[in-house]
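Only one structure is covered here, and it is reproduced in the block below.
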Amino acid sequence: DVKVTQSSRYLVKRTGEKVFLECVQDMDHENMFWYRQDPGLGLRLIYFSYDVKMKEKGDIPEGYSVSREKKERFSLILESASTNQTSMYLCASSLRGHGVETQYFGPGTRLLVL
Amino acid sequence: RKEVEQDPGPFNVPEGATVAFNCTYSNSASQSFFWYRQDCRKEPKLLMSVYSSGNEDGRFTAQLNRASQYISLLIRDSKLSDSATYLCVVNPRAGGTSYGKLTFGQGTILTVHP
């Protein structure tokens with residue numbers, strides 16, 4: 001069964017802290033994505049990766065960075081958390097080629113920055 | 001103008017009703033189209049793809065009008081379990097070159113009541 005896991009379901013951090021969100025998929029997918037989801041704005045792409053050590057900016061990369069050292073793991077880093085980064089963060093993965101448009105999502109991490 | 005626009009609703013319908021959601025997209029070069037479903041406090045999951053000729057999956061019918069840049073989802077004989085947020089999703093480029101990067105609408109909330 002397809003599985004994407006995220007390191008935490010809920011996280012509370014203080015302004016200025018460095019925050020790591022981890023995502024692991026067990027489907028041997030090449031593509032991985034980080035989104036944030038906010039009421040009225042829907043899902044917005046932060047970063048994506050189409051291979052190990054490769055990364056591309058999405059629509060809202062400011063204030064975030066990512067790391068993909070292994071195929072199954074994609075990390076999102078908030079270098080210095082700010083209150084406007086309070087959000088639901090969703091990780092997803094997909095195959096390259098046929099089926100590339102079916103994204104499998106993790107359960108999400110709800111981050112609160114105080 | 002948003003790349004993908006949906007009526008956020010909410011739509012409140014009784015069991016057995018037929019309900020339709022609409023979605024418009026701004027990029028006329030968009031290649032492929034989908035509906036995802038997101039249950040309350042859960043991750044999005046692919047519901048169905050949308051093909052040019054229209055397609056049906058049980059009680060769900062999806063339609064695409066490229067000339068008007070318009071996508072629709074029709075649900076017949078609504079069930080309580082259909083209550084969810086329905087996300088209109090567009091792939092602006094052909095699957096082989098886009099790494100499966102998708103653009104999500106903000107979602108339409110549906111509540112089916114007894």
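We label chains A, B, ... in the order they appear in the structure tokens, count residues from 1 in each chain, and number ligands from 1 in the order shown.
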Set the cut-off to 8 Å and count only C-alpha atoms: what are the residues of chain B that reach chain A? Output as number ranges by chain. B: 8, 42-46, 91, 95-96, 99-107
How about saving the chosen residues, C-alpha atoms kept, as a PDB file, in the first residue's frame?
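Dumped everything to part_16.pdb:
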```
ATOM      1  CA  PRO B   8     -15.696  27.727  -2.425  1.00  0.00           C
ATOM      2  CA  LYS B  42      -7.225  14.496   5.987  1.00  0.00           C
ATOM      3  CA  GLU B  43      -4.899  14.646   3.018  1.00  0.00           C
ATOM      4  CA  PRO B  44      -6.088  15.151  -0.591  1.00  0.00           C
ATOM      5  CA  LYS B  45      -6.576  12.058  -2.730  1.00  0.00           C
ATOM      6  CA  LEU B  46      -7.116  11.693  -6.454  1.00  0.00           C
ATOM      7  CA  ASN B  91      -1.330  20.304 -14.909  1.00  0.00           C
ATOM      8  CA  GLY B  95       3.232  15.060 -18.058  1.00  0.00           C
ATOM      9  CA  GLY B  96       6.664  14.130 -19.392  1.00  0.00           C
ATOM     10  CA  TYR B  99       7.567  16.573 -13.237  1.00  0.00           C
ATOM     11  CA  GLY B 100       3.919  16.307 -12.313  1.00  0.00           C
ATOM     12  CA  LYS B 101       3.764  19.846 -10.972  1.00  0.00           C
ATOM     13  CA  LEU B 102       0.084  20.578 -10.338  1.00  0.00           C
ATOM     14  CA  THR B 103      -1.910  23.721  -9.670  1.00  0.00           C
ATOM     15  CA  PHE B 104      -4.718  23.315  -7.147  1.00  0.00           C
ATOM     16  CA  GLY B 105      -7.895  25.324  -6.818  1.00  0.00           C
ATOM     17  CA  GLN B 106      -8.909  26.424  -3.330  1.00  0.00           C
ATOM     18  CA  GLY B 107     -11.576  23.741  -3.151  1.00  0.00           C
TER      19      GLY B 107
END
```
Find the spatial neighbours of region 68-80 of chain A, counting only C-alpha atoms, within a cut-off of 6 Å - ignore same-chain residues fewer than 2 positions away - and output them as a VMD selection string. chain A and resid 16 to 25 52 to 53 64 to 66
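Distance-wise, CA of Met48 (chain B) and CA of Leu87 (chain B) end up 10.8 Å apart.
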Fewer than 3 positions away in the same chain doesn't count, so skip those; otherwise give me all residues within 10 Å of Leu112 (chain A), counting only C-alpha atoms, as a PyMOL selection string. chain A and resi 10-15+81-88+109
Just write the chosen residues, N, CA and C atoms, as a CSV table (one decimal), in the first residue's frame.
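Contents of result_30.csv, as written:
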```csv
chain,number,residue,atom,x,y,z
A,10,TYR,N,1.5,17.6,14.6
A,10,TYR,CA,1.3,19.0,15.2
A,10,TYR,C,2.7,19.4,15.7
A,11,LEU,N,2.9,20.7,15.5
A,11,LEU,CA,4.2,21.3,16.0
A,11,LEU,C,4.0,22.7,16.4
A,12,VAL,N,4.6,23.1,17.6
A,12,VAL,CA,4.5,24.4,18.0
A,12,VAL,C,5.9,24.9,18.2
A,13,LYS,N,6.2,26.0,17.5
A,13,LYS,CA,7.6,26.6,17.6
A,13,LYS,C,7.5,28.1,17.9
A,14,ARG,N,8.6,28.7,18.2
A,14,ARG,CA,8.7,30.1,18.5
A,14,ARG,C,9.3,30.9,17.4
A,15,THR,N,8.9,32.1,17.2
A,15,THR,CA,9.5,33.0,16.2
A,15,THR,C,11.0,32.9,16.2
A,81,ALA,N,11.7,30.7,11.7
A,81,ALA,CA,10.3,30.6,11.7
A,81,ALA,C,9.6,32.0,12.0
A,82,SER,N,8.6,32.3,11.2
A,82,SER,CA,7.8,33.5,11.5
A,82,SER,C,6.4,33.2,11.6
A,83,THR,N,5.6,34.1,12.3
A,83,THR,CA,4.2,33.8,12.5
A,83,THR,C,3.4,33.6,11.2
A,84,ASN,N,3.8,34.2,10.1
A,84,ASN,CA,3.1,34.0,8.9
A,84,ASN,C,3.4,32.7,8.2
A,85,GLN,N,4.2,31.9,8.9
A,85,GLN,CA,4.4,30.5,8.4
A,85,GLN,C,3.6,29.5,9.2
A,86,THR,N,2.7,30.0,10.0
A,86,THR,CA,1.7,29.1,10.7
A,86,THR,C,0.8,28.6,9.6
A,87,SER,N,0.7,27.3,9.5
A,87,SER,CA,0.0,26.7,8.4
A,87,SER,C,-0.1,25.2,8.5
A,88,MET,N,-0.8,24.6,7.6
A,88,MET,CA,-0.8,23.1,7.4
A,88,MET,C,0.2,22.8,6.3
A,109,THR,N,1.4,18.2,8.5
A,109,THR,CA,1.9,18.7,9.7
A,109,THR,C,1.3,20.1,10.0
```
So that I can see what lies close to Cys88 (chain B), please list as a VMD selection string the residues with an atom at most 8 Å from it, counting only C-alpha atoms and leaving out residues fewer than 2 positions away in the same chain. chain B and resid 4 6 23 33 to 36 71 86 90 104 to 107
As a ChimeraX atom specification, list the residues of region 6-108 of chain B assigned to strand (DSSP E or B) by DSSP on the backbone atoms of this structure. /B:6,11-14,19-25,32-38,44-50,55-57,60-65,70-75,84-91,103-104,108
Long-range neighbours of Pro10 (chain B) as a VMD selection string, 8 Å cut-off, only C-alpha atoms, 4 positions minimum in chain: chain B and resid 108 to 111
Write the residues you've just listed into a file as a PDB file, in the first residue's frame, and include N, CA, C and O atoms for each of them.
```
ATOM      1  N   THR B 108     -13.934  23.289  -3.176  1.00  0.00           N
ATOM      2  CA  THR B 108     -15.362  23.521  -2.952  1.00  0.00           C
ATOM      3  C   THR B 108     -15.817  22.584  -1.852  1.00  0.00           C
ATOM      4  O   THR B 108     -15.607  21.372  -1.943  1.00  0.00           O
ATOM      5  N   ILE B 109     -16.427  23.152  -0.819  1.00  0.00           N
ATOM      6  CA  ILE B 109     -16.875  22.346   0.323  1.00  0.00           C
ATOM      7  C   ILE B 109     -18.274  21.821   0.065  1.00  0.00           C
ATOM      8  O   ILE B 109     -19.183  22.590  -0.271  1.00  0.00           O
ATOM      9  N   LEU B 110     -18.436  20.524   0.218  1.00  0.00           N
ATOM     10  CA  LEU B 110     -19.750  19.891   0.079  1.00  0.00           C
ATOM     11  C   LEU B 110     -20.133  19.227   1.398  1.00  0.00           C
ATOM     12  O   LEU B 110     -19.347  18.463   1.960  1.00  0.00           O
ATOM     13  N   THR B 111     -21.336  19.512   1.853  1.00  0.00           N
ATOM     14  CA  THR B 111     -21.906  18.815   2.997  1.00  0.00           C
ATOM     15  C   THR B 111     -23.209  18.173   2.562  1.00  0.00           C
ATOM     16  O   THR B 111     -24.104  18.864   2.063  1.00  0.00           O
TER      17      THR B 111
END
```
Can you tell me which residues surround Ala29 (chain B) at a distance of at most 12 Å, considering only C-alpha atoms, apart from same-chain residues fewer than 4 positions away, and format the answer as a PyMOL selection string? chain B and resi 3+25+33+66-67+69+90-94
